[in-house]
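**Q** The structure is given below, and queries will be raised subsequently.
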Amino acid sequence: MKHKKIYRLSTSCILFIISWASLHAQVYTDSIFRIAGKGQEINLNLLWFSINHGDIQWQSSSDGTTWSDIQEAATEDYLFTAQSSSFFRAEISSGTCDPVYSKITRLEVADITTVSVDSVTAQQARISCVVNAGDFDIIEQGVAYDTRPYPGETSYLEPDTTGDAVFSLKLDSLETGVTYYARVYIRTADGLFIPGNVLSFSTLSITLDDRINIASRSARLFYAISSTPEPGEHGILYSTVPEPDSSSASVAGEAADGGFSAELTALDPVTTYYAVAYMIRDGMYHYSDVKTFRTFTDYSTYPVDNGPFEKANQIVWNDPSTARKISQDGYYSEYGRVIRLGTSDSLLLVYHGGPNTGDWVNICLRRSVDNGETWTPQEILMNINDYSTDFWRFCNPELIELDNGWILLPYTANGKPETNDNCYVHILTSKDRGQTWEGPNAIVTGRSWEPSIVQLPGGELEMFYSSEAKWWPVAEVERYQEIHAIRSTDRGLTWSYPTIAAYYPEKRDGMPVPVLLQGNRGVAFIIETVLHWRSPYIVHRELAGEWDLPDPILDEGDTRWAVTGFTGHGGAPYMIQLPTGETLISFHVYRGGDWKQSNMHVMIGDNDARNFGELTTPWGNLPVDQGAILSSIFLKDDSTVVLVTSRNQAGGGSAIYWLEGTIVPN
């Protein structure tokens with residue numbers, strides 16, 4: 001019994017198998033003829049459809065007459081390395097039916113071999129090859145190479161001019177630190193281009209990452225190596241004097257996330273070190289560029305004020321009718337932040353917005369030289385129109401003046417495409433009181449939002465941001481979010497890799513605002529927690545401690561606790577500490593409908609950012625079609641605070657408003 005079922009055979013070669021059926025007479029009329037170079041990977045595959053059935057067995061033959069089963073070749077695809085000329089077919093058996101066969105593939109193998117790669121430097125490599133002409137009329141031989149895995153006729157070609165069966169070619173002007181793929185090729189008088197087996201190599205390079213995880217007595221440095229052959233030894237050399245060399249202290253490297261890292265220990269706090277990554281190959285040292293870093297302050301030596309504290313003040317807000325609009329007329333504006341320059345009457349205001357309702361696309365700046373009474377015309381520091389091919393939006397600006405007078409302006413920069421590798425925190429830096437700006441310095445963060453920076457007593461910086469990178473772009477149910485912290489010891493020029501500072505499982509922690517608590521009582525930041533009925537939360541660490549992820553999360557935990565004493569969910573929080581020691585927080589509370597029609601609440605806590613009370617609603621009873629959201633708090637002087645609020649109006653407009661309050665004793 002025979003079933004009349006058609007099986008078609010598709011032949012393909014991973015590395016350019018070329019049909020020659022039109023150039024050679026076929027021994028078998030029901031056959032396919034192919035040529036490959038020795039060592040090429042070949043993929044023979046049946047076009048197998050859902051209606052097909054039966055057991056597949058690939059077979060080979062040296063003469064096309066006597067066939068043998070190929071072990072472990074019983075699927076639609078047969079992948080193998082070409083070594084010698086042979087015939088191939090697939091036998092399909094089904095029950096008691098007679099077997100049927102695919103077309104026969106006649107494979108002729110050209111005896112050409114890419115033998116070795118050696119003498120690899122930063123920009124050169126030598127490729128050795130063997131070509132046995134056999135029956136082929138060869139008019140050209142050489143090496144094809146490319147940065148793609150399968151170099152071919154359209155790749156870089158380096159012809160051999162000797163015509164010898166054994167030859168070597170030197171490839172010049174290669175790119176440093178790049179992986180290349182190379183293989184021998186021949187070109188026949190018939191016009192055929194036949195490539196051989198592929199060898200890969202990497203030109204010489206060793207680079208030290210700008211991102212260093214620094215502590216007071218240790219530092220972990222990250223580096224990448226490109227080398228063929230692999231180095232016999234690699235790691236980090238370091239010293240307290242410039243230009244470390246092979247006589248300096250060393251630490252061997254270890255594999256880390258696709259590259260390498262080494263941890264330096266027993267370092268001195270607040271000390272400048274110089275480091276290079278090194279590798280030894282063929283008995284020679286190769287070095288990266290020198291990186292300079294400063295270790296952290298040892299905060300375990302700092303005295304902590306653990307004296308008793310009682311809240312003694314409250315805020316009395318001016319009537320909302322006294323509020324002043326401080327953003328540009330006719331411009332959609334949200335997320336206002338204000339800082340004072342030193343002790344002067346000069347202030348800077350930043351916010352995000354755009355010309356259209358709902359825009360979160362541009363970073364804008366205004367100045368005041370009279371303590372906020374009047375403001376200069378708006379400047380657009382980052383205009384999305386200038387970057388529209390590379391970025392979707394610029395938003396969430398913050399400001400901090402450092403101890404040396406520099407001003408840092410971090411903001412969210414979501415790239416196009418919006419992948420984790422293409423999303424950043426950008427930092428603009430001004431060294432002349434906000435007159436001009438350098439940057440942006442781009443820190444890859446993955447999909448993230450709302451950066452904010454605090455400066456520690458020893459001058460180090462710690463930046464916090466909301467990260468959804470772990471769940472981006474795919475999330476099965478909800479896209480959760482955590483708080484990342486990164487550190488800098490060079491005033492924001494370089495940053496560490498992140499540590500997780502807060503995460504509520506299956507919730508969205510976000511919008512962190514940090515405060516260095518007076519009396520060396522530690523660092524605290526306030527966050528919102530979305531997808532949870534309780535929000536905001538305070539997260540705290542000791543000045544000499546690290547961030548802790550409590551499990552479970554409690555309303556009154558040691559390192560994380562909830563703000564209570566009000567009704568509803570507190571979003572977009574902000575926090576400062578008053579000169580009298582109390583912590584002052586703001587947050588908006590959802591009133592139903594559009595979240596942008598929420599209203600602002602303010603509360604006062606103690607000097608540990610606990611025990612919040614004295615609830616006020618500075619903007620009063622807003623109409624239901626208006627909102628007071630995304631506030632920050634500015635300490636105008638020792639007795640005056642300013643609520644800098646995004647006031648959303650009926651019809652969708654938004655502007656930044658300034659509302660003052662007075663600090664008075666209880």
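Here, A, B, ... name the chains of the structure tokens in the order displayed, residue numbers run from 1 inside each chain, and ligands are numbered from 1 in the same displayed order.
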As a list in words, please: the residues near Tyr411 (chain A) (cut-off 9 Å, only C-alpha atoms, same-chain neighbours under 5 positions excluded).

**A**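 Residues near the query, excluding close chain neighbours: Ile363, Phe394, Cys395, Asn396, Pro397, Glu398, Tyr424, Val425, His426, Ile427, Leu428, Trp449, Glu450, Pro451 and Ser452 of chain A.
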
**Q** Residues of region 462-494 of chain A that approach region 294-308 of chain A to 10 Å or less, counting only C-alpha atoms: could you list each one with the shortest pair of atoms and its distance in Å to one decimal, rows by chain and increasing residue number, as a tab-separated table?

**A**
```
residue	atom	partner	partner_atom	distance
A:Arg487	CA	A:Phe296	CA	9.6
A:Ser488	CA	A:Phe296	CA	9.0
A:Thr489	CA	A:Arg294	CA	6.0
A:Asp490	CA	A:Arg294	CA	7.4
```

**Q** Restricting the output to C-alpha atoms, write the selected residues as a PDB file, in the first residue's frame.

**A**
```pdb
ATOM      1  CA  ARG A 487      25.794  57.506  44.772  1.00  0.00           C
ATOM      2  CA  SER A 488      28.483  59.915  43.628  1.00  0.00           C
ATOM      3  CA  THR A 489      31.663  61.118  45.309  1.00  0.00           C
ATOM      4  CA  ASP A 490      32.625  63.597  42.561  1.00  0.00           C
TER       5      ASP A 490
END
```

**Q** Would you list the contacts of region 495-512 of chain A as an MDAnalysis selection string, taking every protein, DNA or RNA residue within 8 Å and counting only C-alpha atoms, but skipping same-chain residues closer than 4 positions in sequence?

**A** chainID A and resid 210:214 443 449:452 464:467 478:489 525:532 539 547:549 553 572:574

**Q** Of the residues A:Val624, A:Ala36, A:Val513, A:Ala266, which is the one nearest to Phe80 (chain A), using only C-alpha atoms?

**A**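 The answer is A:Ala36, which sits nearest to Phe80 (chain A).
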
**Q** Suppose you want the space between CA of Phe193 (chain A) and CA of Ile42 (chain A); what is it in Å?

**A** 16.4 Å

**Q** Could you give me, as a PyMOL selection string, each residue of region 550-642 of chain A that DSSP assigns to strand (DSSP E) when run on this structure's backbone?

**A** chain A and resi 560-562+570-577+583-589+599-605+613-616+627-637+640-642

**Q** What separation in Å, quoted to one decimal, exists between CA of Phe634 (chain A) and CA of Asn414 (chain A)?

**A**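 Value for the CA of Phe634 (chain A)-CA of Asn414 (chain A) distance: 27.6 Å.
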
**Q** Tell me, in Å to one decimal, how far CA of Ile70 (chain A) is from CA of Ser31 (chain A).

**A**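 Distance reported for this atom pair: 18.9 Å.
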
**Q** Which residues are close to Asn197 (chain A), i.e. within 9 Å by only C-alpha atoms, leaving aside same-chain residues fewer than 4 positions away? Reply as a list in words.

**A**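 Result of the neighbour search: Leu15, Gly37, Lys38, Gly39, Gln40, Glu41, Ile112, Thr113, Thr114, Val115, Ala182, Arg183 and Val184 of chain A.
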
**Q** Apply DSSP to the backbone of this structure and, from region 312-503 of chain A, keep only the residues in helix (DSSP H, G or I); write these as a PyMOL selection string.

**A** chain A and resi 320-322+384-386+420-422+469-471

**Q** Do you know which residues are at most 8 Å from region 613-621 of chain A counting only C-alpha atoms, after dropping those on the same chain fewer than 3 positions away, and could you put them as a PyMOL selection string?

**A** chain A and resi 314+317-320+565-566+599-605+628

**Q** Output C-alpha atoms for every residue in that selection, as a tab-separated table (two decimals), in the first residue's frame.

**A**
```tsv
chain	number	residue	atom	x	y	z
A	314	GLN	CA	2.52	74.60	63.12
A	317	TRP	CA	-1.39	79.43	55.59
A	318	ASN	CA	-2.22	82.66	53.84
A	319	ASP	CA	-5.60	82.84	52.17
A	320	PRO	CA	-5.52	81.04	48.78
A	565	GLY	CA	-3.80	60.78	60.55
A	566	PHE	CA	-5.72	61.68	57.38
A	599	ASN	CA	-6.40	68.53	46.65
A	600	MET	CA	-3.25	69.24	48.63
A	601	HIS	CA	-2.69	68.29	52.28
A	602	VAL	CA	0.19	69.33	54.56
A	603	MET	CA	1.28	67.72	57.84
A	604	ILE	CA	4.06	68.24	60.41
A	605	GLY	CA	6.19	65.46	61.90
A	628	ALA	CA	-3.94	71.31	43.57
```

**Q** Please provide as an MDAnalysis selection string all residues within 7 Å of Leu456 (chain A), with the sequence filter that same-chain residues fewer than 4 positions apart are discarded (counting only C-alpha atoms).

**A** chainID A and resid 460:461 516

**Q** If you keep C-alpha atoms, can you produce a file of those selected residues as a short mmCIF file (atom, residue, chain, number, x, y, z; two decimals), in the first residue's frame?

**A**
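again17.cif written:
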```cif
data_model
loop_
_atom_site.label_atom_id
_atom_site.label_comp_id
_atom_site.auth_asym_id
_atom_site.auth_seq_id
_atom_site.Cartn_x
_atom_site.Cartn_y
_atom_site.Cartn_z
CA GLU A 460 28.81 62.73 48.70
CA LEU A 461 25.57 62.70 46.72
CA LEU A 516 19.30 64.66 55.40
#
```

**Q** Which neighbours of Arg393 (chain A) fall inside 9 Å, counting only C-alpha atoms, when residues of the same chain fewer than 5 positions from it are skipped, and could you give them as a list in words?

**A** Asp359, Trp360, Val361, Asn362, Ile384, Ser388, Thr412, Ala413, Asn414 and Gly415 of chain A

**Q** Taking only C-alpha atoms into account, name the residue in A:Arg447, A:Lys596, A:His569, A:Lys291 that is nearest to Val474 (chain A).

**A** A:Arg447

**Q** Closest to Ser333 (chain A) among A:Thr179, A:Thr662, A:Asn648, A:Gln83, using only C-alpha atoms?

**A**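 Residue with the minimum atom-to-atom distance to Ser333 (chain A): A:Asn648.
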